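File shown: query_30.pdb. Contents: PDB, C-alpha atoms and all ligand atoms.
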```
ATOM      1  CA  MET A 225     -25.283 -54.397 -22.511
ATOM      2  CA  LEU A 226     -27.201 -53.672 -19.324
ATOM      3  CA  LEU A 227     -30.774 -54.841 -19.743
ATOM      4  CA  ALA A 228     -32.629 -53.496 -16.732
ATOM      5  CA  ASN A 229     -33.617 -50.340 -14.892
ATOM      6  CA  TYR A 230     -35.261 -50.596 -11.461
ATOM      7  CA  HIS A 231     -35.317 -46.915 -10.586
ATOM      8  CA  ILE A 232     -37.910 -45.153 -12.703
ATOM      9  CA  HIS A 233     -40.098 -42.210 -11.733
ATOM     10  CA  SER A 234     -43.177 -40.924 -13.515
ATOM     11  CA  ASP A 235     -45.721 -38.128 -13.381
ATOM     12  CA  TYR A 236     -47.242 -39.875 -10.355
ATOM     13  CA  CYS A 237     -44.410 -38.179  -8.451
ATOM     14  CA  ASP A 238     -41.667 -35.830  -9.682
ATOM     15  CA  GLY A 239     -41.073 -37.504 -13.041
ATOM     16  CA  LYS A 240     -41.948 -35.767 -16.311
ATOM     17  CA  ASN A 241     -43.472 -38.668 -18.264
ATOM     18  CA  THR A 242     -46.310 -41.125 -17.783
ATOM     19  CA  LEU A 243     -45.621 -44.689 -16.670
ATOM     20  CA  GLU A 244     -46.447 -45.922 -20.158
ATOM     21  CA  GLU A 245     -44.090 -43.436 -21.826
ATOM     22  CA  MET A 246     -41.307 -44.678 -19.539
ATOM     23  CA  VAL A 247     -42.111 -48.299 -20.395
ATOM     24  CA  VAL A 248     -42.065 -47.569 -24.138
ATOM     25  CA  ALA A 249     -38.723 -45.736 -23.729
ATOM     26  CA  GLY A 250     -37.345 -48.819 -21.963
ATOM     27  CA  ILE A 251     -38.502 -51.084 -24.774
ATOM     28  CA  THR A 252     -37.026 -48.747 -27.401
ATOM     29  CA  ALA A 253     -33.697 -48.765 -25.529
ATOM     30  CA  GLY A 254     -33.654 -52.577 -25.692
ATOM     31  CA  LEU A 255     -34.210 -53.236 -21.982
ATOM     32  CA  THR A 256     -35.893 -56.493 -21.024
ATOM     33  CA  SER A 257     -36.707 -55.953 -17.336
ATOM     34  CA  LEU A 258     -38.074 -52.721 -15.924
ATOM     35  CA  GLY A 259     -39.052 -51.676 -12.411
ATOM     36  CA  LEU A 260     -41.352 -48.713 -11.868
ATOM     37  CA  SER A 261     -40.577 -46.944  -8.619
ATOM     38  CA  SER A 262     -42.405 -43.695  -7.934
ATOM     39  CA  HIS A 263     -41.783 -42.008  -4.579
ATOM     40  CA  LEU A 264     -44.036 -43.247  -1.781
ATOM     41  CA  PRO A 265     -46.079 -40.450  -0.141
ATOM     42  CA  LEU A 266     -44.354 -39.069   2.957
ATOM     43  CA  PRO A 267     -45.943 -38.370   6.342
ATOM     44  CA  PHE A 268     -45.434 -34.600   5.855
ATOM     45  CA  THR A 269     -46.220 -32.013   3.192
ATOM     46  CA  ASN A 270     -43.973 -32.056   0.120
ATOM     47  CA  ASP A 271     -44.169 -31.531  -3.626
ATOM     48  CA  TRP A 272     -42.149 -34.465  -4.962
ATOM     49  CA  THR A 273     -43.847 -37.714  -3.945
ATOM     50  CA  MET A 274     -46.993 -39.467  -5.054
ATOM     51  CA  LYS A 275     -50.224 -38.368  -3.322
ATOM     52  CA  GLU A 276     -51.660 -40.989  -1.001
ATOM     53  CA  GLU A 277     -55.028 -40.993  -2.771
ATOM     54  CA  TYR A 278     -53.319 -42.110  -5.992
ATOM     55  CA  ILE A 279     -51.546 -45.196  -4.651
ATOM     56  CA  ASP A 280     -54.245 -47.671  -5.683
ATOM     57  CA  GLN A 281     -54.433 -46.113  -9.128
ATOM     58  CA  TYR A 282     -50.633 -46.355  -9.425
ATOM     59  CA  LEU A 283     -50.585 -50.025  -8.485
ATOM     60  CA  ASN A 284     -53.439 -50.662 -10.876
ATOM     61  CA  ASP A 285     -51.788 -48.768 -13.747
ATOM     62  CA  VAL A 286     -48.605 -50.817 -13.344
ATOM     63  CA  LYS A 287     -50.671 -54.016 -13.315
ATOM     64  CA  ASN A 288     -52.406 -53.027 -16.564
ATOM     65  CA  LEU A 289     -49.114 -52.098 -18.234
ATOM     66  CA  LYS A 290     -47.636 -55.449 -17.176
ATOM     67  CA  GLU A 291     -50.447 -57.211 -19.020
ATOM     68  CA  LYS A 292     -50.382 -54.935 -22.049
ATOM     69  CA  TYR A 293     -46.643 -55.341 -22.649
ATOM     70  CA  ALA A 294     -46.221 -58.887 -21.304
ATOM     71  CA  SER A 295     -45.007 -60.296 -24.615
ATOM     72  CA  ILE A 296     -42.342 -57.598 -25.036
ATOM     73  CA  ILE A 297     -40.905 -56.737 -21.629
ATOM     74  CA  GLU A 298     -41.039 -57.808 -17.984
ATOM     75  CA  LEU A 299     -42.440 -55.061 -15.777
ATOM     76  CA  TYR A 300     -42.218 -54.921 -11.989
ATOM     77  CA  CYS A 301     -44.040 -52.796  -9.482
ATOM     78  CA  GLY A 302     -41.821 -51.039  -6.988
ATOM     79  CA  ILE A 303     -41.906 -47.847  -4.947
ATOM     80  CA  GLU A 304     -39.008 -45.776  -3.619
ATOM     81  CA  ILE A 305     -39.448 -45.842   0.149
ATOM     82  CA  ASP A 306     -37.896 -43.347   2.583
ATOM     83  CA  PHE A 307     -36.132 -44.233   5.813
ATOM     84  CA  PHE A 308     -36.097 -41.371   8.340
ATOM     85  CA  ILE A 309     -32.988 -40.867  10.446
ATOM     86  CA  ASP A 310     -34.847 -39.105  13.284
ATOM     87  CA  ARG A 311     -37.459 -41.881  13.516
ATOM     88  CA  GLN A 312     -34.992 -44.697  12.721
ATOM     89  CA  ASP A 313     -37.868 -46.186  10.778
ATOM     90  CA  ILE A 314     -39.918 -46.125   7.584
ATOM     91  CA  SER A 315     -43.518 -44.886   7.628
ATOM     92  CA  ASP A 316     -46.551 -46.965   8.603
ATOM     93  CA  LEU A 317     -47.824 -46.489   5.067
ATOM     94  CA  ALA A 318     -44.616 -48.029   3.697
ATOM     95  CA  LYS A 319     -45.077 -51.092   5.899
ATOM     96  CA  LYS A 320     -48.645 -51.438   4.615
ATOM     97  CA  ILE A 321     -47.640 -51.107   0.947
ATOM     98  CA  ILE A 322     -44.574 -53.391   0.878
ATOM     99  CA  PRO A 323     -46.573 -56.669   0.620
ATOM    100  CA  ARG A 324     -48.248 -55.298  -2.532
ATOM    101  CA  LEU A 325     -44.954 -54.659  -4.341
ATOM    102  CA  ASP A 326     -42.758 -56.861  -6.521
ATOM    103  CA  TYR A 327     -39.607 -55.298  -5.055
ATOM    104  CA  THR A 328     -38.477 -52.469  -2.782
ATOM    105  CA  ILE A 329     -35.996 -49.614  -3.140
ATOM    106  CA  MET A 330     -35.155 -47.782   0.072
ATOM    107  CA  SER A 331     -33.341 -44.465   0.319
ATOM    108  CA  ILE A 332     -32.757 -41.537   2.658
ATOM    109  CA  HIS A 333     -33.634 -38.059   1.345
ATOM    110  CA  THR A 334     -34.188 -36.090   4.566
ATOM    111  CA  LEU A 335     -32.185 -34.846   7.505
ATOM    112  CA  GLY A 336     -33.252 -33.707  10.943
ATOM    113  CA  ASN A 337     -36.795 -33.574  12.225
ATOM    114  CA  THR A 338     -39.453 -35.113   9.982
ATOM    115  CA  LYS A 339     -42.315 -34.757  12.463
ATOM    116  CA  GLY A 340     -43.482 -31.331  11.251
ATOM    117  CA  ASP A 341     -43.827 -29.924   7.741
ATOM    118  CA  ASP A 342     -40.589 -27.906   7.806
ATOM    119  CA  VAL A 343     -38.337 -30.720   6.629
ATOM    120  CA  SER A 344     -34.793 -30.319   5.262
ATOM    121  CA  TYR A 345     -33.668 -32.392   2.308
ATOM    122  CA  ILE A 346     -30.340 -33.739   1.126
ATOM    123  CA  ASP A 347     -31.133 -33.337  -2.555
ATOM    124  CA  GLU A 348     -33.380 -30.300  -2.911
ATOM    125  CA  SER A 349     -30.691 -27.582  -3.123
ATOM    126  CA  GLN A 350     -27.273 -26.824  -1.683
ATOM    127  CA  HIS A 351     -28.821 -24.055   0.407
ATOM    128  CA  ASP A 352     -31.499 -26.311   1.886
ATOM    129  CA  PHE A 353     -28.941 -29.015   2.711
ATOM    130  CA  GLU A 354     -26.639 -26.472   4.346
ATOM    131  CA  GLN A 355     -29.521 -24.956   6.347
ATOM    132  CA  GLY A 356     -30.481 -28.442   7.539
ATOM    133  CA  ILE A 357     -26.954 -29.172   8.765
ATOM    134  CA  GLU A 358     -26.911 -25.787  10.502
ATOM    135  CA  LYS A 359     -30.305 -26.282  12.109
ATOM    136  CA  TYR A 360     -30.021 -29.886  13.256
ATOM    137  CA  TYR A 361     -26.263 -30.439  13.586
ATOM    138  CA  GLN A 362     -24.999 -26.931  14.486
ATOM    139  CA  GLY A 363     -23.141 -26.845  11.192
ATOM    140  CA  ASP A 364     -21.217 -30.044  11.925
ATOM    141  CA  THR A 365     -21.272 -31.741   8.513
ATOM    142  CA  GLN A 366     -19.180 -34.658   9.713
ATOM    143  CA  ALA A 367     -21.656 -35.433  12.503
ATOM    144  CA  TYR A 368     -24.513 -35.464  10.013
ATOM    145  CA  ILE A 369     -22.723 -37.622   7.456
ATOM    146  CA  LYS A 370     -21.846 -40.189  10.117
ATOM    147  CA  GLU A 371     -25.497 -40.307  11.140
ATOM    148  CA  TYR A 372     -26.548 -40.610   7.510
ATOM    149  CA  TYR A 373     -24.412 -43.724   6.926
ATOM    150  CA  GLN A 374     -25.464 -45.210  10.270
ATOM    151  CA  GLY A 375     -29.036 -44.625   9.098
ATOM    152  CA  ILE A 376     -28.355 -46.445   5.824
ATOM    153  CA  ALA A 377     -26.855 -49.377   7.740
ATOM    154  CA  LYS A 378     -29.825 -49.460  10.116
ATOM    155  CA  MET A 379     -32.330 -49.308   7.262
ATOM    156  CA  VAL A 380     -30.676 -52.176   5.450
ATOM    157  CA  THR A 381     -30.427 -54.429   8.509
ATOM    158  CA  MET A 382     -33.986 -53.667   9.661
ATOM    159  CA  PHE A 383     -35.758 -54.073   6.333
ATOM    160  CA  GLU A 384     -33.355 -55.729   3.889
ATOM    161  CA  PRO A 385     -34.815 -53.914   0.878
ATOM    162  CA  ASP A 386     -34.110 -55.532  -2.485
ATOM    163  CA  ILE A 387     -32.268 -52.388  -3.544
ATOM    164  CA  LEU A 388     -30.462 -49.644  -1.667
ATOM    165  CA  GLY A 389     -30.983 -46.403  -3.627
ATOM    166  CA  HIS A 390     -28.199 -43.877  -4.285
ATOM    167  CA  LEU A 391     -25.859 -44.875  -1.439
ATOM    168  CA  ASP A 392     -23.988 -41.549  -1.273
ATOM    169  CA  LEU A 393     -26.679 -39.033  -2.208
ATOM    170  CA  ILE A 394     -25.103 -36.667   0.350
ATOM    171  CA  LYS A 395     -22.425 -35.751  -2.215
ATOM    172  CA  LYS A 396     -25.010 -34.230  -4.557
ATOM    173  CA  TYR A 397     -24.100 -30.630  -3.674
ATOM    174  CA  ASN A 398     -20.499 -31.303  -2.680
ATOM    175  CA  GLN A 399     -18.898 -29.868  -5.833
ATOM    176  CA  ASN A 400     -15.379 -28.542  -5.127
ATOM    177  CA  ASN A 401     -15.560 -30.264  -1.721
ATOM    178  CA  TYR A 402     -18.011 -27.668  -0.497
ATOM    179  CA  PHE A 403     -19.117 -29.798   2.488
ATOM    180  CA  PHE A 404     -16.444 -32.487   2.838
ATOM    181  CA  ASN A 405     -13.584 -34.243   1.080
ATOM    182  CA  GLU A 406     -14.235 -37.803  -0.038
ATOM    183  CA  LYS A 407     -10.530 -38.516   0.280
ATOM    184  CA  ASP A 408     -10.518 -37.796   4.018
ATOM    185  CA  SER A 409      -9.972 -40.923   6.057
ATOM    186  CA  TRP A 410     -12.921 -40.248   8.400
ATOM    187  CA  TYR A 411     -15.224 -40.231   5.349
ATOM    188  CA  GLN A 412     -13.748 -43.340   3.771
ATOM    189  CA  GLU A 413     -13.829 -45.217   7.076
ATOM    190  CA  THR A 414     -17.455 -44.196   7.639
ATOM    191  CA  VAL A 415     -18.453 -45.520   4.216
ATOM    192  CA  LYS A 416     -16.461 -48.746   4.661
ATOM    193  CA  ARG A 417     -18.146 -49.445   8.008
ATOM    194  CA  CYS A 418     -21.506 -48.998   6.287
ATOM    195  CA  LEU A 419     -20.463 -51.371   3.480
ATOM    196  CA  ASP A 420     -19.380 -53.947   6.087
ATOM    197  CA  VAL A 421     -22.936 -53.935   7.421
ATOM    198  CA  ILE A 422     -24.589 -54.010   3.983
ATOM    199  CA  ALA A 423     -22.440 -57.029   3.110
ATOM    200  CA  THR A 424     -24.118 -59.013   5.905
ATOM    201  CA  THR A 425     -27.551 -58.588   4.266
ATOM    202  CA  LYS A 426     -29.177 -59.624   0.998
ATOM    203  CA  THR A 427     -29.639 -56.025  -0.140
ATOM    204  CA  LYS A 428     -28.179 -55.065  -3.490
ATOM    205  CA  ILE A 429     -26.548 -51.685  -3.959
ATOM    206  CA  GLU A 430     -27.896 -49.735  -6.887
ATOM    207  CA  ILE A 431     -25.477 -48.362  -9.458
ATOM    208  CA  ASN A 432     -27.355 -45.104  -9.985
ATOM    209  CA  THR A 433     -26.396 -43.628 -13.342
ATOM    210  CA  GLY A 434     -28.807 -40.702 -13.448
ATOM    211  CA  ALA A 435     -26.993 -38.342 -11.102
ATOM    212  CA  ASN A 436     -24.984 -36.533 -13.800
ATOM    213  CA  MET A 437     -28.070 -35.901 -15.855
ATOM    214  CA  ARG A 438     -29.810 -33.981 -13.106
ATOM    215  CA  THR A 439     -26.713 -32.441 -11.509
ATOM    216  CA  PRO A 440     -23.854 -32.247 -14.048
ATOM    217  CA  GLY A 441     -20.472 -33.159 -12.581
ATOM    218  CA  VAL A 442     -21.759 -35.178  -9.635
ATOM    219  CA  GLY A 443     -20.757 -38.531 -11.167
ATOM    220  CA  ARG A 444     -22.520 -41.777 -10.327
ATOM    221  CA  TYR A 445     -23.817 -43.058  -7.010
ATOM    222  CA  PRO A 446     -21.842 -44.706  -5.450
ATOM    223  CA  SER A 447     -18.623 -42.811  -6.170
ATOM    224  CA  ASP A 448     -16.026 -44.658  -8.251
ATOM    225  CA  TRP A 449     -13.679 -45.376  -5.308
ATOM    226  CA  MET A 450     -16.459 -47.240  -3.485
ATOM    227  CA  ILE A 451     -17.009 -49.845  -6.222
ATOM    228  CA  PRO A 452     -13.791 -51.848  -5.530
ATOM    229  CA  GLU A 453     -14.671 -51.673  -1.808
ATOM    230  CA  MET A 454     -18.089 -53.145  -2.584
ATOM    231  CA  LYS A 455     -16.534 -55.820  -4.770
ATOM    232  CA  LYS A 456     -14.075 -56.740  -2.019
ATOM    233  CA  ARG A 457     -17.087 -57.418   0.216
ATOM    234  CA  ASN A 458     -18.972 -59.296  -2.518
ATOM    235  CA  ILE A 459     -21.919 -56.931  -2.354
ATOM    236  CA  PRO A 460     -24.370 -57.605  -5.196
ATOM    237  CA  ILE A 461     -25.369 -54.738  -7.489
ATOM    238  CA  THR A 462     -28.350 -53.713  -9.595
ATOM    239  CA  ILE A 463     -28.659 -51.009 -12.197
ATOM    240  CA  GLY A 464     -30.955 -48.001 -12.049
ATOM    241  CA  GLY A 465     -31.181 -44.763 -13.975
ATOM    242  CA  ASP A 466     -33.165 -42.845 -11.336
ATOM    243  CA  SER A 467     -34.898 -41.837 -14.537
ATOM    244  CA  HIS A 468     -37.241 -38.873 -14.246
ATOM    245  CA  SER A 469     -37.891 -38.598 -17.996
ATOM    246  CA  VAL A 470     -37.731 -40.777 -21.104
ATOM    247  CA  THR A 471     -34.367 -39.285 -22.067
ATOM    248  CA  GLY A 472     -32.865 -40.668 -18.845
ATOM    249  CA  ILE A 473     -33.929 -44.269 -19.322
ATOM    250  CA  VAL A 474     -30.426 -45.657 -20.000
ATOM    251  CA  TYR A 475     -28.399 -42.551 -19.166
ATOM    252  CA  GLU A 476     -24.627 -43.309 -19.003
ATOM    253  CA  TYR A 477     -25.273 -47.053 -18.938
ATOM    254  CA  GLU A 478     -22.331 -47.887 -21.181
ATOM    255  CA  GLU A 479     -19.870 -45.929 -19.059
ATOM    256  CA  ALA A 480     -21.174 -47.601 -15.913
ATOM    257  CA  GLU A 481     -20.843 -51.095 -17.347
ATOM    258  CA  ILE A 482     -17.274 -50.487 -18.513
ATOM    259  CA  TYR A 483     -16.277 -49.165 -15.102
ATOM    260  CA  LEU A 484     -17.913 -52.019 -13.190
ATOM    261  CA  GLU A 485     -16.022 -54.574 -15.259
ATOM    262  CA  LYS A 486     -12.812 -52.672 -14.696
ATOM    263  CA  CYS A 487     -13.412 -53.026 -10.958
ATOM    264  CA  GLY A 488     -13.811 -56.788 -11.250
ATOM    265  CA  TYR A 489     -17.572 -57.020 -11.224
ATOM    266  CA  HIS A 490     -18.675 -59.758 -13.609
ATOM    267  CA  GLU A 491     -22.389 -59.752 -12.886
ATOM    268  CA  TYR A 492     -25.325 -57.634 -11.846
ATOM    269  CA  TRP A 493     -28.727 -58.708 -10.564
ATOM    270  CA  MET A 494     -31.942 -58.672 -12.519
ATOM    271  CA  LEU A 495     -35.508 -59.731 -11.950
ATOM    272  CA  ASN A 496     -36.205 -62.573 -14.308
ATOM    273  CA  LYS A 497     -39.697 -64.082 -14.233
ATOM    274  CA  GLY A 498     -40.113 -62.609 -10.773
ATOM    275  CA  ARG A 499     -36.858 -63.913  -9.285
ATOM    276  CA  TRP A 500     -33.580 -62.121  -8.702
ATOM    277  CA  GLU A 501     -30.887 -63.691 -10.874
ATOM    278  CA  ALA A 502     -27.264 -62.847 -11.635
ATOM    279  CA  GLN A 503     -26.652 -61.662 -15.194
ATOM    280  CA  PRO A 504     -23.241 -61.403 -16.841
ATOM    281  CA  LEU A 505     -21.827 -57.965 -17.501
ATOM    282  CA  GLY A 506     -20.257 -57.077 -20.810
ATOM    283  CA  VAL A 507     -22.348 -59.211 -23.169
TER     284      VAL A 507
HETATM  285 ZN    ZN B   1     -34.132 -41.055  -4.424
HETATM  286 ZN    ZN B   2     -35.452 -41.869  -7.214
END
```
Now that the file is in, can you turn its structure into structure tokens?
Ligand SMILES: [Zn+2]
Ligand SMILES: [Zn+2]
Amino acid sequence: MLLANYHIHSDYCDGKNTLEEMVVAGITAGLTSLGLSSHLPLPFTNDWTMKEEYIDQYLNDVKNLKEKYASIIELYCGIEIDFFIDRQDISDLAKKIIPRLDYTIMSIHTLGNTKGDDVSYIDESQHDFEQGIEKYYQGDTQAYIKEYYQGIAKMVTMFEPDILGHLDLIKKYNQNNYFFNEKDSWYQETVKRCLDVIATTKTKIEINTGANMRTPGVGRYPSDWMIPEMKKRNIPITIGGDSHSVTGIVYEYEEAEIYLEKCGYHEYWMLNKGRWEAQPLGV
């Protein structure tokens, strides 16, 4: 049984429940190590991240919950941090906050120009994603996807986050191969080159089980065919629900564990008394 979840949102950002409700859901589900990871405020207007004025309160709330539930569960303070392809960097705020966190998750959610307020997102809607590719890449999906994976590789080598969030988020609106075909060799080669780079770092790839809950049919991140490729490169993994409500706290955990074992993974990584440790799968 998987005992952790390091990707948990709350009503500080776009989650539905309070931090404490998420913690209680984790305890009820039998988890022993939980990481809270609301979205860090972004340097442009949006409606899905924490507000900058609430950061101290967020950090303080997590600290209080850690103390309150110390005898029952280990809690860790994280934040989901964005890397921006156009800037090839994370925000100044992110750099300031990282020393105050127990662990970091880094992800890419945007495409194109992030200097103004008219930002396109990968995961907002199929229309928005398509408009972004049109606007910034003249409709050349392949060009964008290659830049996306180069961005992931750059982010991981520059910052070595503890966890890489949803590796292939770009497939979120790719039902019926709307944008690209994962079986195409250019796509597979692009992903493999990215994995080669990740394998040279200490970053763990998150097995993100929450995708199907929010977008039925999308599967898990990363896609099933990528797991043996990760294993071949000995890339360590963590588990995360990308949980935006209490009902998503261990969403499709069992299925994920069975599949990981089938691919030859025997362990996943967990924070245990503040240190990352390998834990056996399937027990
Ligand atoms: Zn995310
Ligand atoms: Zn998330």
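Closest to ligand ZN 2 (chain B) among A:Gly336, A:Gly506, A:Gly465, A:Gly356 is A:Gly465, based on all atoms listed in the file.
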Practice prompt. Would you work out the distance separating atom CA of A:Ile309 from atom CA of A:Ala423, expressed in Å to one decimal?
Written response: 20.6 Å
Discussion item. Using only C-alpha atoms and all ligand atoms for the distances, tell me which of A:Lys290, A:Lys416, A:Lys497, A:His468 is nearest to ligand ZN 2 (chain B).
Written reply: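 For ligand ZN 2 (chain B), the nearest of the candidates is A:His468.
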Discussion item. With all atoms listed in the file as the counted atoms, please give the residues lying no more than 9 Å from A:Leu264, apart from itself and same-chain residues fewer than 6 positions off, as a list in words.
Written reply: Cys237, Thr273, Met274, Lys275, Glu276, Ile279, Ile303, Glu304, Ile305, Asp306, Leu317 and Ala318 of chain A
Mind dumping a table of every chain A residue within 8 Å of ligand ZN 2 (chain B), with the nearest atom pair and its distance in Å to one decimal, using all atoms listed in the file, sorted by chain and rising number, as a Markdown table?
```
| residue | atom | partner | partner_atom | distance |
| --- | --- | --- | --- | --- |
| A:His231 | CA | B:ZN2 | ZN | 6.1 |
| A:Ile232 | CA | B:ZN2 | ZN | 6.9 |
| A:His233 | CA | B:ZN2 | ZN | 6.5 |
| A:Ser261 | CA | B:ZN2 | ZN | 7.3 |
| A:Ser262 | CA | B:ZN2 | ZN | 7.2 |
| A:His263 | CA | B:ZN2 | ZN | 6.9 |
| A:Glu304 | CA | B:ZN2 | ZN | 6.4 |
| A:Gly389 | CA | B:ZN2 | ZN | 7.3 |
| A:Asp466 | CA | B:ZN2 | ZN | 4.8 |
| A:Ser467 | CA | B:ZN2 | ZN | 7.3 |
| A:His468 | CA | B:ZN2 | ZN | 7.9 |
```
Fill in: Two-atom distance - atom CA of A:His390, atom CA of A:Gly375 (Å)
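Value for the atom CA of A:His390-atom CA of A:Gly375 distance: 13.4 Å.
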Worksheet entry | Selected residue of minimal separation from ligand ZN 1 (chain B) among A:Asp341, A:Asp235, A:Asp392, A:Asp313, counting all atoms listed in the file | A:Asp392
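Relative to atom CA of A:Thr427, atom CA of A:Ile459 is found at 8.1 Å.
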Worksheet entry | Spatial neighbours of A:Arg417, max dist 9 Å, only C-alpha atoms, sep filter under 3 positions, as a list of chain:residue names | A:Tyr373, A:Gln374, A:Ala377, A:Gln412, A:Glu413, A:Thr414, A:Asp420, A:Val421, A:Ile422
